[in-house]
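Chemist: Pasting input37.cif below, which is mmCIF, C-alpha atoms and all ligand atoms.
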```cif
data_structure
loop_
_atom_site.label_atom_id
_atom_site.label_comp_id
_atom_site.auth_asym_id
_atom_site.auth_seq_id
_atom_site.Cartn_x
_atom_site.Cartn_y
_atom_site.Cartn_z
CA MET A 1 20.48 -2.45 -16.35
CA TYR A 2 20.30 0.59 -14.10
CA ASP A 3 22.73 1.84 -11.47
CA ILE A 4 19.85 2.78 -9.19
CA ILE A 5 16.20 1.83 -9.28
CA ILE A 6 13.90 3.86 -7.05
CA VAL A 7 10.49 2.51 -6.09
CA GLY A 8 8.03 5.39 -5.71
CA ALA A 9 7.83 8.81 -7.38
CA GLY A 10 6.85 10.89 -4.34
CA PRO A 11 9.04 13.67 -2.90
CA ALA A 12 11.54 11.16 -1.44
CA GLY A 13 11.87 9.07 -4.62
CA LEU A 14 12.09 12.01 -7.02
CA SER A 15 14.58 13.83 -4.77
CA ALA A 16 16.69 10.64 -4.77
CA ALA A 17 16.46 10.56 -8.59
CA ILE A 18 17.80 14.12 -8.81
CA TYR A 19 20.79 13.22 -6.65
CA GLY A 20 21.37 9.93 -8.51
CA GLN A 21 21.34 11.53 -11.94
CA ARG A 22 23.48 14.46 -10.85
CA ALA A 23 26.05 11.94 -9.57
CA GLY A 24 26.17 10.42 -13.06
CA LYS A 25 24.23 7.26 -12.20
CA LYS A 26 21.69 5.75 -14.57
CA THR A 27 18.53 6.09 -12.52
CA ALA A 28 14.97 4.87 -13.02
CA VAL A 29 11.94 5.62 -10.85
CA PHE A 30 8.98 3.21 -10.86
CA GLU A 31 5.56 4.48 -9.90
CA SER A 32 2.32 2.53 -9.99
CA TYR A 33 -0.10 5.45 -9.80
CA SER A 34 0.97 9.05 -10.52
CA TYR A 35 3.96 11.15 -9.54
CA GLY A 36 3.99 13.25 -6.38
CA GLY A 37 2.68 10.83 -3.76
CA GLN A 38 0.47 12.22 -1.01
CA ILE A 39 1.71 15.79 -1.36
CA VAL A 40 -0.45 16.29 -4.46
CA ASN A 41 -3.45 16.17 -2.09
CA THR A 42 -2.18 19.14 -0.05
CA PRO A 43 -3.87 22.37 -1.16
CA GLU A 44 -1.12 24.72 0.09
CA ILE A 45 2.38 23.98 1.35
CA GLU A 46 3.57 26.80 3.57
CA ASN A 47 6.38 25.18 5.54
CA TYR A 48 8.94 24.19 2.92
CA PRO A 49 12.06 26.32 3.41
CA ALA A 50 12.38 29.23 0.94
CA ILE A 51 9.04 28.51 -0.73
CA LYS A 52 6.45 30.72 0.98
CA LYS A 53 3.44 29.09 -0.62
CA ILE A 54 2.92 26.48 -3.33
CA SER A 55 0.21 23.94 -4.03
CA GLY A 56 1.11 20.28 -3.55
CA PHE A 57 0.38 19.61 -7.20
CA ASP A 58 2.64 22.43 -8.44
CA TYR A 59 5.42 21.31 -6.11
CA ALA A 60 5.15 17.68 -7.27
CA THR A 61 5.05 18.69 -10.93
CA ALA A 62 8.17 20.87 -10.57
CA LEU A 63 9.97 17.99 -8.83
CA TYR A 64 8.91 15.49 -11.49
CA GLU A 65 10.07 17.82 -14.28
CA GLN A 66 13.38 18.49 -12.54
CA ALA A 67 14.14 14.77 -12.17
CA SER A 68 13.02 13.99 -15.74
CA GLU A 69 14.98 16.85 -17.29
CA LEU A 70 18.11 15.59 -15.52
CA GLY A 71 17.60 12.28 -17.32
CA ALA A 72 15.90 10.09 -14.72
CA GLU A 73 13.49 7.66 -16.35
CA VAL A 74 10.11 7.70 -14.65
CA ILE A 75 8.33 4.45 -15.53
CA PHE A 76 4.65 4.07 -14.65
CA ASP A 77 4.54 0.39 -13.70
CA LYS A 78 3.85 -1.36 -10.39
CA VAL A 79 6.83 -2.99 -8.67
CA GLU A 80 5.79 -6.41 -7.36
CA SER A 81 9.05 -7.55 -5.79
CA VAL A 82 12.70 -6.73 -5.25
CA SER A 83 15.20 -9.55 -4.76
CA VAL A 84 18.92 -10.15 -4.89
CA LYS A 85 19.65 -11.87 -8.17
CA ASP A 86 20.89 -15.44 -7.80
CA GLY A 87 24.55 -16.06 -8.57
CA SER A 88 25.40 -12.41 -9.09
CA GLU A 89 27.79 -12.07 -6.19
CA SER A 90 30.87 -13.36 -8.00
CA THR A 91 32.33 -10.74 -10.34
CA ASP A 92 30.58 -7.41 -10.49
CA GLY A 93 28.87 -7.35 -7.11
CA LYS A 94 25.29 -8.10 -6.21
CA LEU A 95 22.55 -7.21 -8.60
CA PHE A 96 18.97 -6.58 -7.68
CA GLU A 97 16.12 -7.96 -9.73
CA VAL A 98 13.07 -5.72 -9.76
CA LYS A 99 9.91 -7.43 -11.00
CA THR A 100 7.09 -5.22 -12.15
CA LEU A 101 3.68 -5.94 -13.66
CA GLY A 102 5.24 -5.20 -17.06
CA GLY A 103 8.68 -6.82 -16.85
CA VAL A 104 11.90 -7.55 -15.02
CA TYR A 105 14.67 -4.98 -14.52
CA GLU A 106 18.14 -5.11 -12.99
CA ALA A 107 19.89 -2.57 -10.81
CA LYS A 108 23.08 -2.31 -8.79
CA ALA A 109 21.27 -0.52 -5.97
CA VAL A 110 17.62 0.00 -5.06
CA ILE A 111 15.90 2.69 -3.01
CA LEU A 112 12.46 1.94 -1.56
CA ALA A 113 10.51 5.19 -1.34
CA THR A 114 7.03 3.73 -1.30
CA GLY A 115 5.47 6.38 0.96
CA ALA A 116 2.19 5.47 2.61
CA LYS A 117 -1.44 5.14 1.59
CA ASN A 118 -4.55 6.66 3.14
CA ARG A 119 -5.86 4.87 6.22
CA HIS A 120 -9.48 3.78 5.92
CA LEU A 121 -12.07 4.13 8.68
CA GLY A 122 -13.07 0.50 8.57
CA VAL A 123 -16.83 1.18 8.75
CA ASP A 124 -19.43 -0.74 6.74
CA ARG A 125 -19.82 0.19 3.05
CA GLU A 126 -16.78 2.50 3.09
CA GLU A 127 -15.36 0.98 -0.11
CA ALA A 128 -18.76 0.90 -1.85
CA LEU A 129 -19.34 4.62 -1.18
CA THR A 130 -15.82 5.72 -2.10
CA GLY A 131 -16.26 8.15 -4.98
CA ARG A 132 -19.95 8.41 -4.04
CA GLY A 133 -19.64 10.75 -1.12
CA VAL A 134 -16.63 9.23 0.63
CA SER A 135 -13.33 10.79 -0.37
CA TYR A 136 -9.72 10.69 0.79
CA CYS A 137 -8.69 13.82 -1.11
CA ALA A 138 -10.29 17.21 -0.46
CA THR A 139 -8.11 18.93 -3.05
CA CYS A 140 -9.23 16.49 -5.74
CA ASP A 141 -12.94 16.28 -4.87
CA GLY A 142 -13.74 19.37 -2.79
CA ALA A 143 -14.94 21.44 -5.74
CA PHE A 144 -17.75 18.91 -6.41
CA TYR A 145 -19.35 19.98 -3.13
CA LYS A 146 -19.67 23.73 -3.65
CA GLY A 147 -22.48 25.10 -1.48
CA LYS A 148 -23.04 21.71 0.22
CA ASP A 149 -22.54 20.48 3.77
CA VAL A 150 -19.53 18.18 4.22
CA ALA A 151 -17.55 16.55 7.03
CA VAL A 152 -13.83 16.01 7.56
CA ASN A 153 -12.69 13.24 9.87
CA GLY A 154 -9.29 13.51 11.56
CA GLY A 155 -7.22 15.73 13.80
CA GLY A 156 -3.87 16.00 12.01
CA ASN A 157 -2.52 18.58 9.58
CA THR A 158 -4.25 16.95 6.63
CA ALA A 159 -7.68 17.15 8.27
CA LEU A 160 -7.19 20.75 9.40
CA GLU A 161 -5.87 21.89 6.02
CA ASP A 162 -8.62 20.01 4.19
CA ALA A 163 -11.23 21.64 6.39
CA MET A 164 -9.74 25.10 5.79
CA PHE A 165 -9.76 24.48 2.06
CA LEU A 166 -13.38 23.24 2.11
CA THR A 167 -14.64 26.26 4.06
CA ASN A 168 -13.94 28.30 0.92
CA TYR A 169 -16.38 26.21 -1.16
CA CYS A 170 -18.86 24.55 1.12
CA ASN A 171 -21.88 25.76 3.02
CA LYS A 172 -20.84 24.02 6.23
CA VAL A 173 -17.87 21.91 7.28
CA TYR A 174 -18.08 19.54 10.25
CA VAL A 175 -14.70 18.56 11.70
CA ILE A 176 -15.01 15.22 13.44
CA HIS A 177 -12.16 14.12 15.66
CA ARG A 178 -11.84 11.29 18.15
CA ARG A 179 -10.18 13.50 20.79
CA ASP A 180 -10.56 17.13 21.88
CA GLU A 181 -6.93 17.99 21.15
CA PHE A 182 -5.50 18.27 17.68
CA ARG A 183 -2.29 16.86 16.36
CA GLY A 184 -2.15 19.40 13.52
CA GLU A 185 -0.48 22.82 13.70
CA LYS A 186 -1.97 25.33 16.17
CA GLU A 187 -1.91 28.13 13.61
CA THR A 188 -4.12 26.22 11.18
CA LEU A 189 -6.48 25.24 14.01
CA LEU A 190 -6.79 28.87 15.14
CA ALA A 191 -7.56 29.99 11.59
CA LEU A 192 -10.18 27.27 11.29
CA GLN A 193 -11.79 28.18 14.61
CA LYS A 194 -12.32 31.70 13.27
CA LYS A 195 -14.39 30.47 10.31
CA ASP A 196 -18.12 30.85 10.79
CA ASN A 197 -19.09 27.81 8.66
CA VAL A 198 -17.19 25.22 10.74
CA GLU A 199 -18.57 23.03 13.52
CA PHE A 200 -16.25 20.87 15.59
CA VAL A 201 -17.61 17.49 16.66
CA LEU A 202 -15.05 16.29 19.19
CA ASN A 203 -14.41 13.09 21.14
CA SER A 204 -16.41 11.40 18.41
CA ASN A 205 -16.01 8.64 15.86
CA VAL A 206 -17.84 8.05 12.59
CA VAL A 207 -19.71 4.79 13.17
CA LYS A 208 -22.08 4.57 10.21
CA LEU A 209 -22.36 5.79 6.64
CA LEU A 210 -25.93 6.62 5.56
CA GLY A 211 -27.44 6.59 2.07
CA GLU A 212 -28.04 3.93 -0.56
CA ASP A 213 -26.17 4.71 -3.81
CA ARG A 214 -24.59 7.90 -2.49
CA LEU A 215 -23.68 9.16 0.95
CA SER A 216 -26.48 11.21 2.48
CA GLY A 217 -25.15 11.48 6.00
CA ILE A 218 -23.12 9.94 8.79
CA GLU A 219 -23.67 8.75 12.32
CA VAL A 220 -21.10 9.78 14.90
CA ARG A 221 -20.79 8.44 18.41
CA ASN A 222 -19.49 10.59 21.23
CA LYS A 223 -16.93 8.50 23.13
CA LEU A 224 -17.63 10.17 26.45
CA THR A 225 -21.44 10.24 26.43
CA GLU A 226 -22.07 7.30 24.01
CA GLU A 227 -24.61 9.61 22.36
CA VAL A 228 -25.11 8.90 18.65
CA ARG A 229 -25.80 11.87 16.40
CA GLU A 230 -26.88 11.86 12.76
CA ILE A 231 -25.32 14.55 10.57
CA ASN A 232 -26.55 15.15 7.02
CA VAL A 233 -23.62 15.67 4.68
CA ASP A 234 -23.01 15.10 0.98
CA CYS A 235 -19.40 14.10 1.45
CA LEU A 236 -17.19 12.71 4.17
CA PHE A 237 -13.52 13.49 3.68
CA VAL A 238 -11.49 10.88 5.56
CA ALA A 239 -8.15 12.31 6.71
CA ILE A 240 -7.07 9.95 9.49
CA GLY A 241 -3.48 9.41 8.49
CA GLN A 242 -1.58 6.94 6.42
CA GLU A 243 -0.36 3.36 6.46
CA PRO A 244 2.74 1.97 4.79
CA ASP A 245 2.55 -0.50 1.91
CA ASN A 246 5.77 -2.53 2.15
CA GLN A 247 4.66 -6.16 2.43
CA ALA A 248 6.08 -6.94 -1.03
CA PHE A 249 9.57 -6.12 0.27
CA LYS A 250 9.54 -7.95 3.61
CA ASP A 251 12.13 -10.51 2.48
CA VAL A 252 14.78 -7.90 1.69
CA ALA A 253 13.90 -5.20 4.25
CA GLU A 254 12.93 -5.67 7.88
CA LEU A 255 9.52 -4.20 8.75
CA ASP A 256 8.27 -3.00 12.12
CA LYS A 257 4.88 -4.06 13.55
CA ALA A 258 3.07 -1.28 11.68
CA GLY A 259 4.77 -2.27 8.40
CA TYR A 260 7.33 0.55 8.16
CA ILE A 261 10.81 -0.35 6.87
CA ILE A 262 13.19 -0.37 9.82
CA SER A 263 15.93 2.14 9.14
CA GLY A 264 17.75 5.04 10.73
CA GLU A 265 18.92 8.40 9.40
CA SER A 266 21.45 6.58 7.19
CA CYS A 267 18.49 5.19 5.18
CA THR A 268 20.14 1.75 5.03
CA THR A 269 18.30 -1.59 5.34
CA LYS A 270 19.37 -5.09 6.33
CA THR A 271 20.34 -5.80 2.69
CA PRO A 272 23.53 -4.12 1.40
CA GLY A 273 22.72 -1.97 -1.63
CA LEU A 274 19.07 -1.60 -0.62
CA PHE A 275 18.15 1.79 0.84
CA THR A 276 14.91 3.42 1.90
CA ALA A 277 13.67 7.00 2.00
CA GLY A 278 10.70 9.04 3.14
CA ASP A 279 7.43 8.17 4.86
CA CYS A 280 7.77 4.41 4.25
CA ARG A 281 10.57 4.06 6.80
CA THR A 282 10.59 4.23 10.60
CA LYS A 283 11.06 7.86 11.63
CA GLN A 284 9.80 10.50 14.02
CA VAL A 285 8.98 13.31 11.61
CA ARG A 286 7.14 12.70 8.36
CA GLN A 287 7.25 15.99 6.52
CA LEU A 288 7.91 17.08 2.96
CA VAL A 289 11.29 18.45 3.93
CA THR A 290 12.33 15.22 5.69
CA ALA A 291 11.21 13.15 2.70
CA ALA A 292 13.34 15.28 0.36
CA SER A 293 16.22 15.04 2.83
CA ASP A 294 15.93 11.24 2.96
CA GLY A 295 15.97 11.15 -0.84
CA ALA A 296 19.35 12.90 -0.88
CA VAL A 297 20.81 10.71 1.90
CA ALA A 298 19.62 7.44 0.33
CA ALA A 299 20.74 8.40 -3.19
CA LEU A 300 24.22 9.47 -2.08
CA ALA A 301 24.57 6.24 -0.08
CA ALA A 302 23.44 4.26 -3.14
CA CYS A 303 25.96 6.11 -5.34
CA SER A 304 28.79 5.27 -2.93
CA TYR A 305 27.64 1.63 -2.86
CA VAL A 306 27.61 1.43 -6.67
CA ASP A 307 31.06 3.06 -6.89
CA MET A 308 32.48 0.40 -4.55
CA LEU A 309 31.20 -2.56 -6.61
P1 LIG A 401 -1.63 12.19 11.22
O1 LIG A 401 -0.80 13.36 11.63
O2 LIG A 401 -1.14 10.82 11.50
O3 LIG A 401 -3.06 12.39 11.90
C1 LIG A 401 -4.04 11.43 11.76
C2 LIG A 401 -5.24 11.89 12.57
O4 LIG A 401 -6.28 10.93 12.38
C3 LIG A 401 -4.97 11.98 14.06
O5 LIG A 401 -5.60 13.12 14.58
C4 LIG A 401 -5.56 10.70 14.61
O6 LIG A 401 -6.13 10.86 15.86
C5 LIG A 401 -6.69 10.42 13.64
N1 LIG A 401 -6.93 8.98 13.48
C6 LIG A 401 -6.04 8.00 13.21
N2 LIG A 401 -6.65 6.80 13.09
C7 LIG A 401 -7.96 7.04 13.27
C8 LIG A 401 -9.11 6.22 13.27
N3 LIG A 401 -9.02 4.89 13.02
N4 LIG A 401 -10.30 6.79 13.49
C9 LIG A 401 -10.40 8.13 13.73
N5 LIG A 401 -9.35 8.96 13.75
C10 LIG A 401 -8.14 8.44 13.53
O7 LIG A 401 -1.97 12.19 9.64
P2 LIG A 401 -2.01 13.39 8.60
O8 LIG A 401 -2.79 14.53 9.11
O9 LIG A 401 -2.42 12.80 7.30
O10 LIG A 401 -0.49 13.84 8.49
C11 LIG A 401 0.53 12.88 8.17
C12 LIG A 401 1.89 13.58 8.24
O11 LIG A 401 1.99 14.52 7.18
C13 LIG A 401 2.05 14.36 9.54
O12 LIG A 401 3.40 14.31 9.94
C14 LIG A 401 1.69 15.76 9.15
O13 LIG A 401 2.26 16.76 9.96
C15 LIG A 401 2.20 15.80 7.72
N6 LIG A 401 1.49 16.81 6.94
C16 LIG A 401 2.12 17.99 6.78
C17 LIG A 401 1.49 18.98 6.04
C18 LIG A 401 2.20 20.26 5.90
O14 LIG A 401 3.32 20.33 6.38
N7 LIG A 401 1.65 21.27 5.25
C19 LIG A 401 0.23 18.78 5.49
C20 LIG A 401 -0.41 17.56 5.70
C21 LIG A 401 0.25 16.57 6.43
P3 LIG A 401 -5.21 11.04 17.18
O15 LIG A 401 -4.68 12.43 17.11
O16 LIG A 401 -6.17 10.82 18.30
O17 LIG A 401 -4.17 9.99 17.09
#
```
The structure given in the file should be rewritten as structure tokens.

Modeler:
Amino acid sequence: MYDIIIVGAGPAGLSAAIYGQRAGKKTAVFESYSYGGQIVNTPEIENYPAIKKISGFDYATALYEQASELGAEVIFDKVESVSVKDGSESTDGKLFEVKTLGGVYEAKAVILATGAKNRHLGVDREEALTGRGVSYCATCDGAFYKGKDVAVNGGGNTALEDAMFLTNYCNKVYVIHRRDEFRGEKETLLALQKKDNVEFVLNSNVVKLLGEDRLSGIEVRNKLTEEVREINVDCLFVAIGQEPDNQAFKDVAELDKAGYIISGESCTTKTPGLFTAGDCRTKQVRQLVTAASDGAVAALAACSYVDML
């Protein structure tokens, strides 16, 4: 039996664990994949207050170690459902039952910090070529393409930072974006525009993946001219944003149309004792600093809830 169970060991979940443990609550964090969430894919973080520059992996590792050293249990097991335990309302308040692939756990409060997963393009053979020239993580796979031509699809911070990172290794980097304006930070875009091994392919979508066993190129269609162009690349890095993964919790937390958990800055949900933090909830700004902030807010709210039981 835990005071607080946190679902997800990204920046929001691990920050919540730090606050939970420091408040004297027995806290466990469940993670189905590996700690750190999406931030491990970021080559350099340069906008976290008081840290001038750190890699996403180093940041995530420091956070994981901090939470673990404070006594939070990080359990690598997939959470399949969260429900309010039947008949537990009588004496010691409501209990949550957290079912995982490996077992069933109980907690007085639960924080959903499930983050989001990479959005896929939805073109033919995308899944079959994943790991064979289609990648969602430039930091993880970029080094395999030293001296090669590659493409990055997307116009947000991830795409721009991925492209910057790849210009250091690759012969040529095509940046393919469906508009001619970028969502990512101007400073990164300006730095990228100064690189002599980058070509911007704007107002264009990737419509076809070429190659049999491995990617050998892509076809892109210009939205304005309808012209289709073939570009030979060894890897396509897809960086077109994220989607939430909250369907397993739709009975206890209300989801919006896109699947995000409906919540405000208080990080509460429709179920008392169930909180949410980070990119998985409805919010305007999805940044590392706002995920960490949510972790603190949700954990302190969960601690107060547990104290009142
Ligand atoms: P994002 O900001 O949501 O950008 C996604 C990009 O992909 C947009 O340019 C979007 O185009 C494009 N896109 C979406 N769906 C598409 C589709 N089906 N086909 C083609 N293009 C598509 O995602 P992100 O770059 O991964 O960033 C997510 C959040 O993390 C953002 O808040 C970002 O600022 C933050 N982040 C921060 C840092 C940092 O602080 N260092 C680093 C990385 C990410 P449109 O622009 O036309 O919609």

Chemist: Within 8 Å of ligand LIG 401 (chain A), counting all atoms listed in the file: which residues, as JSON, numbers by chain?

Modeler: {"A": [39, 42, 44, 45, 46, 47, 48, 118, 119, 120, 121, 122, 153, 154, 155, 156, 157, 158, 159, 160, 161, 177, 178, 179, 181, 182, 183, 184, 185, 205, 206, 239, 240, 241, 242, 285, 286, 287, 288]}

Chemist: One decimal, Å: what's the distance from atom CA of A:Ala248 over to atom CA of A:Tyr59, could you say?

Modeler: 28.7 Å

Chemist: Report as a compact mmCIF listing (two decimals) with C-alpha atoms, keeping the file's coordinate frame all protein, DNA and RNA residues lying within 6 Å of A:Leu236, evaluated on only C-alpha atoms, omitting residues in the same chain fewer than 6 positions from it.

Modeler:
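Result file is part29.txt:
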```txt
# COMPACT_ATOMS: atom_id res chain seq x y z
CA VAL A 134 -16.63 9.23 0.63
CA VAL A 150 -19.53 18.18 4.22
CA ALA A 151 -17.55 16.55 7.03
CA VAL A 152 -13.83 16.01 7.56
```

Chemist: Which residues of stretch 181-264 of chain A have any atom within 12 Å of an atom in stretch 3-18 of chain A when counting all atoms listed in the file, and what is the closest pair of atoms for each, with the distance in Å to one decimal? Order the rows by chain and rising number and write it as a Markdown table.

Modeler:
```
| residue | atom | partner | partner_atom | distance |
| --- | --- | --- | --- | --- |
| A:Asp245 | CA | A:Gly8 | CA | 11.1 |
| A:Asn246 | CA | A:Val7 | CA | 10.8 |
| A:Ala248 | CA | A:Val7 | CA | 11.6 |
| A:Phe249 | CA | A:Val7 | CA | 10.8 |
```

Chemist: Hey, which of A:Asp180, A:Phe30, A:Ala50, A:Lys148 ends up closest to A:Val104? Count only C-alpha atoms.

Modeler: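 Result for the nearest residue to A:Val104: A:Phe30.
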
Chemist: Could you give me, as a tab-separated table, every stretch 173-223 of chain A residue with an atom at most 10 Å from stretch 231-235 of chain A, plus its closest atom pair and distance in Å to one decimal, counting only C-alpha atoms, rows ordered by chain then number?

Modeler:
```
residue	atom	partner	partner_atom	distance
A:Val173	CA	A:Val233	CA	8.9
A:Tyr174	CA	A:Val233	CA	8.8
A:Leu210	CA	A:Asn232	CA	8.7
A:Gly211	CA	A:Asp234	CA	9.7
A:Arg214	CA	A:Asp234	CA	8.1
A:Leu215	CA	A:Asp234	CA	6.0
A:Ser216	CA	A:Asp234	CA	5.4
A:Gly217	CA	A:Asn232	CA	4.1
A:Ile218	CA	A:Ile231	CA	5.4
A:Glu219	CA	A:Ile231	CA	6.3
A:Val220	CA	A:Ile231	CA	7.7
```

Chemist: Point out the residue among A:Ala109, A:Cys280, A:Ala301, A:Val40 with the least atom-to-atom distance to A:Ile262, counting all atoms listed in the file.

Modeler: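 Ranked by minimum distance to A:Ile262, first place goes to A:Cys280.
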
Chemist: Using the file's own x, y and z axes, so that the box edges lie along x, y and z, what centre and edge lengths in Å (one decimal) does a box around every listed atom of stretch 16-35 of chain A get when 5 Å is added on each side? Give it as AutoDock Vina command-line options.

Modeler:
```
--center_x 13.0 --center_y 8.5 --center_z -9.7 --size_x 36.3 --size_y 21.9 --size_z 19.8
```

Chemist: What is the atom CA of A:Thr188 to atom CA of A:Lys53 distance in Å?

Modeler: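 Going from atom CA of A:Thr188 over to atom CA of A:Lys53 covers 14.3 Å.
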
Chemist: For A:Tyr169, which residue out of A:Gln193, A:Thr139, A:Thr114, A:Gln247 is the nearest one, using all atoms listed in the file?

Modeler: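 Ranking A:Gln193, A:Thr139, A:Thr114, A:Gln247 by distance to A:Tyr169, first place goes to A:Thr139.
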
Chemist: Using all atoms listed in the file, determine which residues lie at most 10 Å from A:Asp307, disregarding the query and same-chain residues fewer than 2 positions distant; provide the list as a PDB file with C-alpha atoms, in the frame of the given file.

Modeler:
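That gives us result-v4.pdb:
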```
ATOM      1  CA  ASP A   3      22.730   1.840 -11.470  1.00  0.00           C
ATOM      2  CA  LYS A  25      24.230   7.260 -12.200  1.00  0.00           C
ATOM      3  CA  LYS A 108      23.080  -2.310  -8.790  1.00  0.00           C
ATOM      4  CA  ALA A 301      24.570   6.240  -0.080  1.00  0.00           C
ATOM      5  CA  ALA A 302      23.440   4.260  -3.140  1.00  0.00           C
ATOM      6  CA  CYS A 303      25.960   6.110  -5.340  1.00  0.00           C
ATOM      7  CA  SER A 304      28.790   5.270  -2.930  1.00  0.00           C
ATOM      8  CA  TYR A 305      27.640   1.630  -2.860  1.00  0.00           C
ATOM      9  CA  LEU A 309      31.200  -2.560  -6.610  1.00  0.00           C
TER      10      LEU A 309
END
```

Chemist: Quick one: stretch 227-233 of chain A with all heavy atoms, as a CSV table (one decimal), in the frame of the given file?

Modeler:
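Output saved as result05.csv:
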```
chain,number,residue,atom,x,y,z
A,227,GLU,N,-23.5,9.1,23.1
A,227,GLU,CA,-24.6,9.6,22.4
A,227,GLU,C,-24.3,9.5,20.9
A,227,GLU,O,-23.2,9.7,20.4
A,227,GLU,CB,-24.8,11.1,22.7
A,227,GLU,CG,-26.0,11.8,22.1
A,227,GLU,CD,-25.9,13.3,22.2
A,227,GLU,OE1,-25.3,13.8,23.2
A,227,GLU,OE2,-26.4,14.0,21.3
A,228,VAL,N,-25.3,9.0,20.1
A,228,VAL,CA,-25.1,8.9,18.6
A,228,VAL,C,-25.9,10.0,18.0
A,228,VAL,O,-27.0,10.3,18.3
A,228,VAL,CB,-25.6,7.5,18.1
A,228,VAL,CG1,-25.5,7.4,16.6
A,228,VAL,CG2,-24.8,6.4,18.8
A,229,ARG,N,-25.2,10.7,17.1
A,229,ARG,CA,-25.8,11.9,16.4
A,229,ARG,C,-25.8,11.6,14.9
A,229,ARG,O,-24.8,11.2,14.4
A,229,ARG,CB,-25.0,13.1,16.8
A,229,ARG,CG,-25.4,14.3,16.0
A,229,ARG,CD,-24.5,15.5,16.4
A,229,ARG,NE,-24.8,16.7,15.5
A,229,ARG,CZ,-24.1,17.8,15.5
A,229,ARG,NH1,-23.0,17.9,16.3
A,229,ARG,NH2,-24.3,18.7,14.6
A,230,GLU,N,-26.8,12.0,14.2
A,230,GLU,CA,-26.9,11.9,12.8
A,230,GLU,C,-26.6,13.2,12.2
A,230,GLU,O,-27.1,14.2,12.6
A,230,GLU,CB,-28.3,11.4,12.3
A,230,GLU,CG,-28.3,11.0,10.9
A,230,GLU,CD,-29.7,10.4,10.5
A,230,GLU,OE1,-30.2,9.5,11.2
A,230,GLU,OE2,-30.2,10.8,9.4
A,231,ILE,N,-25.7,13.3,11.2
A,231,ILE,CA,-25.3,14.6,10.6
A,231,ILE,C,-25.5,14.4,9.1
A,231,ILE,O,-24.9,13.4,8.5
A,231,ILE,CB,-23.8,14.9,10.9
A,231,ILE,CG1,-23.6,15.0,12.4
A,231,ILE,CG2,-23.5,16.3,10.2
A,231,ILE,CD1,-22.2,15.3,12.8
A,232,ASN,N,-26.3,15.2,8.5
A,232,ASN,CA,-26.6,15.2,7.0
A,232,ASN,C,-25.4,15.9,6.3
A,232,ASN,O,-25.2,17.1,6.4
A,232,ASN,CB,-27.9,15.8,6.7
A,232,ASN,CG,-29.0,15.0,7.2
A,232,ASN,OD1,-29.0,13.8,7.4
A,232,ASN,ND2,-30.1,15.7,7.6
A,233,VAL,N,-24.7,15.1,5.5
A,233,VAL,CA,-23.6,15.7,4.7
A,233,VAL,C,-23.6,15.0,3.3
A,233,VAL,O,-24.0,13.8,3.2
A,233,VAL,CB,-22.2,15.5,5.3
A,233,VAL,CG1,-22.0,16.5,6.5
A,233,VAL,CG2,-21.9,14.1,5.8
```
